[in-house]
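The data block below is protein.json; it holds JSON, C-alpha atoms.
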```json
[["chain", "number", "residue", "atom", "x", "y", "z"],
["A", 7, "MET", "CA", -20.96, 28.68, 6.93],
["A", 8, "VAL", "CA", -17.75, 28.64, 4.87],
["A", 9, "TYR", "CA", -16.27, 26.07, 7.27],
["A", 10, "ARG", "CA", -19.20, 23.67, 6.74],
["A", 11, "SER", "CA", -18.99, 24.13, 2.99],
["A", 12, "THR", "CA", -15.25, 23.37, 3.04],
["A", 13, "GLU", "CA", -15.82, 20.27, 5.15],
["A", 14, "ARG", "CA", -18.49, 19.02, 2.71],
["A", 15, "VAL", "CA", -16.12, 19.51, -0.23],
["A", 16, "LYS", "CA", -13.36, 17.64, 1.62],
["A", 17, "ALA", "CA", -15.76, 14.80, 2.44],
["A", 18, "ARG", "CA", -16.89, 14.58, -1.20],
["A", 19, "LEU", "CA", -13.29, 14.54, -2.43],
["A", 20, "SER", "CA", -12.37, 11.87, 0.11],
["A", 21, "ALA", "CA", -15.37, 9.74, -0.92],
["A", 22, "SER", "CA", -14.42, 10.11, -4.60],
["A", 23, "ARG", "CA", -10.84, 9.12, -3.87],
["A", 24, "GLU", "CA", -12.00, 6.04, -1.95],
["A", 25, "ARG", "CA", -14.33, 5.09, -4.82],
["A", 26, "ILE", "CA", -11.43, 5.35, -7.26],
["A", 27, "ILE", "CA", -9.18, 3.17, -5.08],
["A", 28, "ALA", "CA", -11.94, 0.59, -4.57],
["A", 29, "ALA", "CA", -12.59, 0.44, -8.33],
["A", 30, "ALA", "CA", -8.88, 0.07, -9.09],
["A", 31, "LEU", "CA", -8.54, -2.71, -6.51],
["A", 32, "GLU", "CA", -11.43, -4.62, -8.10],
["A", 33, "ILE", "CA", -9.89, -4.27, -11.55],
["A", 34, "MET", "CA", -6.45, -5.27, -10.31],
["A", 35, "ALA", "CA", -7.94, -8.37, -8.65],
["A", 36, "GLU", "CA", -9.53, -9.31, -11.98],
["A", 37, "HIS", "CA", -6.89, -8.24, -14.51],
["A", 38, "GLY", "CA", -3.71, -7.25, -12.69],
["A", 39, "TYR", "CA", -1.79, -4.03, -13.32],
["A", 40, "ALA", "CA", -1.97, -4.42, -17.09],
["A", 41, "GLY", "CA", -5.76, -4.14, -17.02],
["A", 42, "CYS", "CA", -5.82, -1.30, -14.53],
["A", 43, "SER", "CA", -5.99, 1.65, -16.92],
["A", 44, "VAL", "CA", -7.20, 5.04, -15.72],
["A", 45, "ALA", "CA", -10.11, 4.87, -18.18],
["A", 46, "ALA", "CA", -11.18, 1.45, -16.85],
["A", 47, "VAL", "CA", -10.94, 2.68, -13.26],
["A", 48, "ALA", "CA", -12.98, 5.78, -14.07],
["A", 49, "GLU", "CA", -15.67, 3.69, -15.75],
["A", 50, "ARG", "CA", -15.83, 1.24, -12.82],
["A", 51, "ALA", "CA", -15.96, 4.15, -10.34],
["A", 52, "GLY", "CA", -18.73, 5.81, -12.33],
["A", 53, "MET", "CA", -16.88, 9.04, -13.01],
["A", 54, "ALA", "CA", -15.05, 10.87, -15.78],
["A", 55, "THR", "CA", -11.41, 10.02, -16.51],
["A", 56, "GLY", "CA", -10.49, 13.64, -15.71],
["A", 57, "SER", "CA", -11.89, 13.19, -12.21],
["A", 58, "VAL", "CA", -9.49, 10.32, -11.60],
["A", 59, "TYR", "CA", -6.60, 12.48, -12.79],
["A", 60, "ARG", "CA", -7.61, 15.23, -10.35],
["A", 61, "HIS", "CA", -6.91, 12.80, -7.51],
["A", 62, "PHE", "CA", -4.02, 10.92, -9.13],
["A", 63, "PRO", "CA", -2.03, 12.94, -11.71],
["A", 64, "THR", "CA", -0.55, 9.79, -13.32],
["A", 65, "LYS", "CA", -1.38, 6.11, -13.57],
["A", 66, "ALA", "CA", 1.79, 5.44, -11.57],
["A", 67, "ASP", "CA", 0.41, 7.57, -8.71],
["A", 68, "LEU", "CA", -2.87, 5.66, -8.83],
["A", 69, "VAL", "CA", -1.38, 2.17, -8.86],
["A", 70, "ALA", "CA", 1.15, 3.05, -6.15],
["A", 71, "GLU", "CA", -1.71, 4.18, -3.89],
["A", 72, "VAL", "CA", -3.72, 1.07, -4.75],
["A", 73, "PHE", "CA", -0.68, -1.05, -3.94],
["A", 74, "ARG", "CA", -0.22, 0.73, -0.58],
["A", 75, "THR", "CA", -3.90, 0.21, 0.27],
["A", 76, "ALA", "CA", -3.91, -3.48, -0.68],
["A", 77, "SER", "CA", -0.57, -4.12, 1.04],
["A", 78, "ARG", "CA", -1.73, -2.50, 4.29],
["A", 79, "ARG", "CA", -4.82, -4.70, 4.28],
["A", 80, "GLU", "CA", -2.73, -7.84, 3.76],
["A", 81, "VAL", "CA", -0.13, -7.00, 6.41],
["A", 82, "ASP", "CA", -2.89, -6.07, 8.89],
["A", 83, "ALA", "CA", -4.72, -9.37, 8.26],
["A", 84, "VAL", "CA", -1.53, -11.35, 8.85],
["A", 85, "ALA", "CA", -0.68, -9.37, 12.00],
["A", 86, "ARG", "CA", -4.20, -9.94, 13.42],
["A", 87, "ALA", "CA", -4.00, -13.69, 12.73],
["A", 88, "ALA", "CA", -0.56, -14.01, 14.36],
["A", 89, "ALA", "CA", -1.67, -12.01, 17.41],
["A", 90, "LEU", "CA", -4.30, -14.65, 18.21],
["A", 91, "GLU", "CA", -1.70, -17.39, 18.67],
["A", 92, "GLY", "CA", 0.47, -18.31, 21.67],
["A", 93, "THR", "CA", 3.80, -19.86, 20.74],
["A", 94, "VAL", "CA", 6.20, -18.52, 18.14],
["A", 95, "ALA", "CA", 5.64, -21.65, 16.03],
["A", 96, "GLU", "CA", 1.88, -21.02, 16.13],
["A", 97, "ARG", "CA", 2.33, -17.35, 15.25],
["A", 98, "VAL", "CA", 4.62, -18.13, 12.31],
["A", 99, "THR", "CA", 2.14, -20.79, 11.16],
["A", 100, "ALA", "CA", -0.63, -18.17, 11.34],
["A", 101, "VAL", "CA", 1.48, -15.78, 9.25],
["A", 102, "ILE", "CA", 2.06, -18.42, 6.56],
["A", 103, "GLU", "CA", -1.52, -19.71, 6.54],
["A", 104, "THR", "CA", -3.00, -16.23, 6.37],
["A", 105, "PHE", "CA", -0.57, -14.85, 3.79],
["A", 106, "SER", "CA", -0.72, -17.91, 1.54],
["A", 107, "GLY", "CA", -4.41, -18.59, 2.03],
["A", 108, "ARG", "CA", -5.39, -15.02, 1.12],
["A", 109, "ALA", "CA", -3.04, -15.10, -1.87],
["A", 110, "LEU", "CA", -4.49, -18.36, -3.17],
["A", 111, "ARG", "CA", -8.06, -17.05, -2.75],
["A", 112, "SER", "CA", -7.24, -13.97, -4.83],
["A", 113, "PRO", "CA", -4.37, -15.12, -7.06],
["A", 114, "ARG", "CA", -4.51, -12.32, -9.63],
["A", 115, "LEU", "CA", -4.31, -9.60, -6.97],
["A", 116, "ALA", "CA", -1.62, -11.49, -5.04],
["A", 117, "TYR", "CA", 0.49, -11.91, -8.18],
["A", 118, "ALA", "CA", 0.12, -8.19, -8.91],
["A", 119, "LEU", "CA", 1.25, -7.36, -5.38],
["A", 120, "LEU", "CA", 4.18, -9.79, -5.36],
["A", 121, "ALA", "CA", 5.68, -9.95, -8.82],
["A", 122, "GLU", "CA", 3.78, -8.60, -11.82],
["A", 123, "PRO", "CA", 5.93, -6.21, -13.87],
["A", 124, "ALA", "CA", 4.77, -2.71, -13.04],
["A", 125, "ASP", "CA", 5.82, 0.91, -12.73],
["A", 126, "PRO", "CA", 9.00, 1.72, -10.73],
["A", 127, "ALA", "CA", 6.78, 3.45, -8.13],
["A", 128, "VAL", "CA", 5.09, 0.10, -7.49],
["A", 129, "ASP", "CA", 8.45, -1.66, -7.26],
["A", 130, "ALA", "CA", 9.43, 0.82, -4.54],
["A", 131, "GLU", "CA", 6.19, 0.08, -2.68],
["A", 132, "ARG", "CA", 6.90, -3.66, -2.95],
["A", 133, "LEU", "CA", 10.05, -3.12, -0.90],
["A", 134, "VAL", "CA", 8.01, -1.32, 1.76],
["A", 135, "PHE", "CA", 5.49, -4.20, 1.70],
["A", 136, "ARG", "CA", 8.22, -6.81, 2.18],
["A", 137, "ARG", "CA", 9.85, -4.78, 4.96],
["A", 138, "ALA", "CA", 6.51, -4.59, 6.81],
["A", 139, "TYR", "CA", 6.20, -8.39, 6.69],
["A", 140, "ALA", "CA", 9.83, -8.82, 7.71],
["A", 141, "GLU", "CA", 9.40, -6.50, 10.70],
["A", 142, "LEU", "CA", 6.32, -8.43, 11.80],
["A", 143, "ILE", "CA", 8.10, -11.79, 11.56],
["A", 144, "ALA", "CA", 11.31, -10.40, 13.12],
["A", 145, "GLY", "CA", 9.35, -9.43, 16.23],
["A", 146, "HIS", "CA", 8.08, -12.98, 16.63],
["A", 147, "VAL", "CA", 11.52, -14.47, 15.97],
["A", 148, "ALA", "CA", 13.13, -12.14, 18.53],
["A", 149, "GLN", "CA", 10.54, -13.21, 21.12],
["A", 150, "GLY", "CA", 11.21, -16.86, 20.29],
["A", 151, "VAL", "CA", 14.96, -16.43, 20.69],
["A", 152, "ALA", "CA", 14.51, -14.53, 23.97],
["A", 153, "SER", "CA", 12.19, -17.22, 25.38],
["A", 154, "GLY", "CA", 14.41, -20.09, 24.23],
["A", 155, "GLU", "CA", 11.70, -21.43, 21.91],
["A", 156, "LEU", "CA", 14.02, -20.75, 18.93],
["A", 157, "PRO", "CA", 17.78, -21.19, 18.68],
["A", 158, "PRO", "CA", 19.96, -18.06, 18.63],
["A", 159, "GLN", "CA", 19.76, -16.20, 15.31],
["A", 160, "ASP", "CA", 19.57, -12.71, 13.84],
["A", 161, "PRO", "CA", 15.80, -11.99, 13.83],
["A", 162, "GLU", "CA", 15.97, -9.33, 11.11],
["A", 163, "LEU", "CA", 18.08, -11.44, 8.75],
["A", 164, "THR", "CA", 15.97, -14.54, 9.38],
["A", 165, "ALA", "CA", 12.72, -12.64, 8.83],
["A", 166, "THR", "CA", 13.97, -11.04, 5.61],
["A", 167, "ALA", "CA", 15.05, -14.44, 4.27],
["A", 168, "LEU", "CA", 11.71, -16.02, 5.25],
["A", 169, "VAL", "CA", 9.69, -13.28, 3.55],
["A", 170, "GLY", "CA", 11.76, -13.69, 0.39],
["A", 171, "ALA", "CA", 11.34, -17.46, 0.44],
["A", 172, "LEU", "CA", 7.60, -17.25, 1.07],
["A", 173, "ALA", "CA", 7.03, -14.69, -1.68],
["A", 174, "GLU", "CA", 9.19, -16.58, -4.16],
["A", 175, "ALA", "CA", 7.49, -19.88, -3.36],
["A", 176, "MET", "CA", 4.08, -18.31, -4.06],
["A", 177, "VAL", "CA", 4.94, -16.57, -7.35],
["A", 178, "GLY", "CA", 4.94, -19.73, -9.48],
["A", 179, "PRO", "CA", 1.58, -21.08, -8.28],
["A", 180, "LEU", "CA", 0.01, -17.61, -8.49],
["A", 181, "ALA", "CA", 1.29, -16.96, -12.01],
["A", 182, "ALA", "CA", 0.06, -20.37, -13.16],
["A", 183, "GLY", "CA", -3.19, -20.04, -11.22],
["A", 184, "VAL", "CA", -2.57, -23.45, -9.70],
["A", 185, "ALA", "CA", -1.31, -24.48, -6.29],
["A", 186, "GLY", "CA", -0.91, -28.01, -5.03],
["A", 187, "PRO", "CA", -3.31, -29.11, -2.31],
["A", 188, "ARG", "CA", -0.48, -29.23, 0.23],
["A", 189, "THR", "CA", 1.34, -26.01, -0.75],
["A", 190, "ILE", "CA", 0.65, -24.24, 2.54],
["A", 191, "GLU", "CA", 1.48, -27.33, 4.61],
["A", 192, "HIS", "CA", 4.84, -27.69, 2.84],
["A", 193, "LEU", "CA", 5.61, -23.98, 3.30],
["A", 194, "ILE", "CA", 4.92, -24.26, 7.03],
["A", 195, "THR", "CA", 7.24, -27.26, 7.31],
["A", 196, "PHE", "CA", 10.00, -25.50, 5.39],
["A", 197, "LEU", "CA", 9.77, -22.26, 7.35],
["A", 198, "HIS", "CA", 9.64, -24.04, 10.71],
["A", 199, "ARG", "CA", 12.83, -25.91, 9.78],
["A", 200, "ALA", "CA", 14.47, -22.65, 8.68],
["A", 201, "LEU", "CA", 13.60, -21.07, 12.03],
["A", 202, "GLY", "CA", 14.78, -24.07, 14.03],
["A", 203, "VAL", "CA", 11.34, -24.79, 15.52],
["A", 204, "SER", "CA", 11.44, -28.03, 17.50],
["A", 205, "PRO", "CA", 9.13, -30.67, 15.98]]
```

Rewrite the structure of this file - the entire thing - as structure tokens.
Amino acid sequence: MVYRSTERVKARLSASRERIIAAALEIMAEHGYAGCSVAAVAERAGMATGSVYRHFPTKADLVAEVFRTASRREVDAVARAAALEGTVAERVTAVIETFSGRALRSPRLAYALLAEPADPAVDAERLVFRRAYAELIAGHVAQGVASGELPPQDPELTATALVGALAEAMVGPLAAGVAGPRTIEHLITFLHRALGVSP
């Protein structure tokens, strides 16, 4: 009997935590980190502010968890898209199209994830986020080098540089809320050239 009661409490706590994270993600997508106050999250989640603090002792803890959740979703979406393609050029194109397309569809959230000034805990998570993308791309680059589809290069260094270039290229359009109609096409061309993909 005690076991079932404990399991119900754990399930309720987990559901509350998920509701808090979902509410914070919605607010961040609308207003960025600046608008993501604990009080606003509590109101959106339909609970008392103290309940949010029981799960996340500080706002920094909350936004770091929200960042981790959003980042995982983005990296997973990009990985799934790349896995559907055959050649390295097609996989890298899928990475760029998915990353950039999702960012441009939700520019406020993307800007928050990439560049908006935030707590140091979020800045630390940004590095993890970038490393996850770099590892994904490095795997594709290494396969391309091994198969002869790409010229010899250091996959880790190339991937890190590509992630930095892609993120930096997106920050301006996301901050301004405007991207040219051919932004993604131009990014694909640039990154293919950087990789040494044969035209």

**Request:** Using atom CA of A:Arg97 and atom CA of A:Leu133 as the two end points, give the distance in Å to one decimal.
**Result:** 22.9 Å

**Request:** Please identify all polymer residues lying at most 9 Å from the point (-4.1, -14.6, -6.6) (file coordinates), using all atoms listed in the file, and present the result as a list in words.
**Result:** Ala35, Arg108, Ala109, Leu110, Arg111, Ser112, Pro113, Arg114, Leu115, Ala116, Tyr117, Ala118, Pro179, Leu180, Ala181 and Gly183 of chain A

**Item:** atom CA of A:Gly145 to atom CA of A:Ala85, distance in Å rounded to a single decimal
**Value:** 10.9 Å

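Among the candidates A:Glu24, A:Glu80, A:Glu96, A:Glu131, the one nearest to A:Leu197 when counting all atoms listed in the file is A:Glu96.
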
**Asked** Using all atoms listed in the file, what residues lie at most 7 Å away from (-3.1, -13.4, 10.0) (file coordinates), given as a ChimeraX atom specification?
**Response** /A:83-88,100-101,104-105

**Request:** To one decimal in Å, tell me the separation between atom CA of A:Arg78 and atom CA of A:Glu32.
**Result:**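 Computed distance, atom CA of A:Arg78 to atom CA of A:Glu32, equals 15.9 Å.
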
**Complete:** From the list A:Val94, A:Ile194, A:Val81, A:Leu119, the nearest residue to A:Ala140 using all atoms listed in the file is A:Val81

**Item:** Residue with smallest distance to A:Glu122 - pool A:Gly41, A:Pro205, A:Pro187, A:Gly170, counting only C-alpha atoms
**Value:**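 Comparing A:Gly41, A:Pro205, A:Pro187, A:Gly170 against A:Glu122, the winner is A:Gly41.
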
**Fill in**
In terms of all atoms listed in the file, the residue from A:Arg132, A:Arg137, A:His198, A:His192 at minimal distance from A:Ser106 is A:His192

**Message:** Let me make sure I understand: among A:Leu90, A:Arg199, A:Ser153, A:Val147, which one has the smallest atom-to-atom distance to A:Ala165 if we use all atoms listed in the file?
**Reply:**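 Looking at the shortest contact to A:Ala165, the residue is A:Val147.
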
**Nearest residue to A:Val177 from the set A:Ala30, A:Tyr139, A:Leu120, A:Gly202 (distances using all atoms listed in the file)** = A:Leu120

Hey, could you patch up stretch 30-41 of chain A with all heavy atoms and hand it over as a compact mmCIF listing (two decimals), keeping the file's coordinate frame?
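For reference, out_19.txt as written:
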```txt
# COMPACT_ATOMS: atom_id res chain seq x y z
N ALA A 30 -10.18 0.54 -8.60
CA ALA A 30 -8.88 0.07 -9.09
C ALA A 30 -8.50 -1.27 -8.45
O ALA A 30 -7.97 -2.15 -9.12
CB ALA A 30 -7.81 1.12 -8.81
N LEU A 31 -8.81 -1.44 -7.17
CA LEU A 31 -8.54 -2.71 -6.51
C LEU A 31 -9.34 -3.85 -7.14
O LEU A 31 -8.81 -4.94 -7.35
CB LEU A 31 -8.88 -2.62 -5.02
CG LEU A 31 -7.77 -2.13 -4.11
CD1 LEU A 31 -8.32 -1.79 -2.73
CD2 LEU A 31 -6.67 -3.15 -4.00
N GLU A 32 -10.59 -3.60 -7.45
CA GLU A 32 -11.43 -4.62 -8.10
C GLU A 32 -10.85 -5.01 -9.45
O GLU A 32 -10.75 -6.19 -9.78
CB GLU A 32 -12.86 -4.09 -8.30
CG GLU A 32 -13.66 -3.97 -7.03
CD GLU A 32 -15.01 -3.29 -7.27
OE1 GLU A 32 -15.38 -3.06 -8.45
OE2 GLU A 32 -15.68 -2.99 -6.27
N ILE A 33 -10.45 -4.00 -10.22
CA ILE A 33 -9.89 -4.27 -11.55
C ILE A 33 -8.57 -5.02 -11.44
O ILE A 33 -8.31 -5.97 -12.17
CB ILE A 33 -9.73 -2.96 -12.35
CG1 ILE A 33 -11.12 -2.41 -12.70
CG2 ILE A 33 -8.91 -3.19 -13.62
CD1 ILE A 33 -11.10 -1.00 -13.25
N MET A 34 -7.74 -4.60 -10.49
CA MET A 34 -6.45 -5.27 -10.31
C MET A 34 -6.66 -6.73 -9.90
O MET A 34 -5.93 -7.61 -10.35
CB MET A 34 -5.61 -4.54 -9.28
CG MET A 34 -4.16 -4.93 -9.36
SD MET A 34 -3.11 -4.05 -8.19
CE MET A 34 -3.45 -2.37 -8.58
N ALA A 35 -7.65 -6.99 -9.07
CA ALA A 35 -7.94 -8.37 -8.65
C ALA A 35 -8.42 -9.22 -9.81
O ALA A 35 -8.22 -10.43 -9.82
CB ALA A 35 -8.97 -8.37 -7.52
N GLU A 36 -9.03 -8.59 -10.81
CA GLU A 36 -9.53 -9.31 -11.98
C GLU A 36 -8.50 -9.41 -13.10
O GLU A 36 -8.40 -10.44 -13.76
CB GLU A 36 -10.78 -8.61 -12.53
CG GLU A 36 -11.95 -8.62 -11.58
CD GLU A 36 -13.04 -7.62 -11.98
OE1 GLU A 36 -12.96 -7.05 -13.10
OE2 GLU A 36 -13.95 -7.40 -11.17
N HIS A 37 -7.74 -8.32 -13.33
CA HIS A 37 -6.89 -8.24 -14.51
C HIS A 37 -5.43 -7.87 -14.25
O HIS A 37 -4.66 -7.74 -15.19
CB HIS A 37 -7.47 -7.22 -15.50
CG HIS A 37 -8.90 -7.45 -15.83
ND1 HIS A 37 -9.33 -8.51 -16.62
CD2 HIS A 37 -10.03 -6.79 -15.47
CE1 HIS A 37 -10.64 -8.47 -16.74
NE2 HIS A 37 -11.10 -7.44 -16.04
N GLY A 38 -5.07 -7.65 -12.99
CA GLY A 38 -3.71 -7.25 -12.69
C GLY A 38 -3.43 -5.80 -13.08
O GLY A 38 -4.35 -5.06 -13.45
N TYR A 39 -2.15 -5.41 -12.99
CA TYR A 39 -1.79 -4.03 -13.32
C TYR A 39 -2.06 -3.72 -14.79
O TYR A 39 -2.46 -2.61 -15.12
CB TYR A 39 -0.30 -3.78 -13.03
CG TYR A 39 -0.02 -3.66 -11.57
CD1 TYR A 39 0.78 -4.58 -10.92
CD2 TYR A 39 -0.55 -2.63 -10.82
CE1 TYR A 39 1.04 -4.48 -9.58
CE2 TYR A 39 -0.31 -2.52 -9.47
CZ TYR A 39 0.49 -3.45 -8.86
OH TYR A 39 0.73 -3.36 -7.51
N ALA A 40 -1.80 -4.67 -15.65
CA ALA A 40 -1.97 -4.42 -17.09
C ALA A 40 -3.39 -3.96 -17.42
O ALA A 40 -3.57 -3.11 -18.29
CB ALA A 40 -1.62 -5.67 -17.88
N GLY A 41 -4.37 -4.51 -16.73
CA GLY A 41 -5.76 -4.14 -17.02
C GLY A 41 -6.26 -2.95 -16.24
O GLY A 41 -7.41 -2.54 -16.38
```
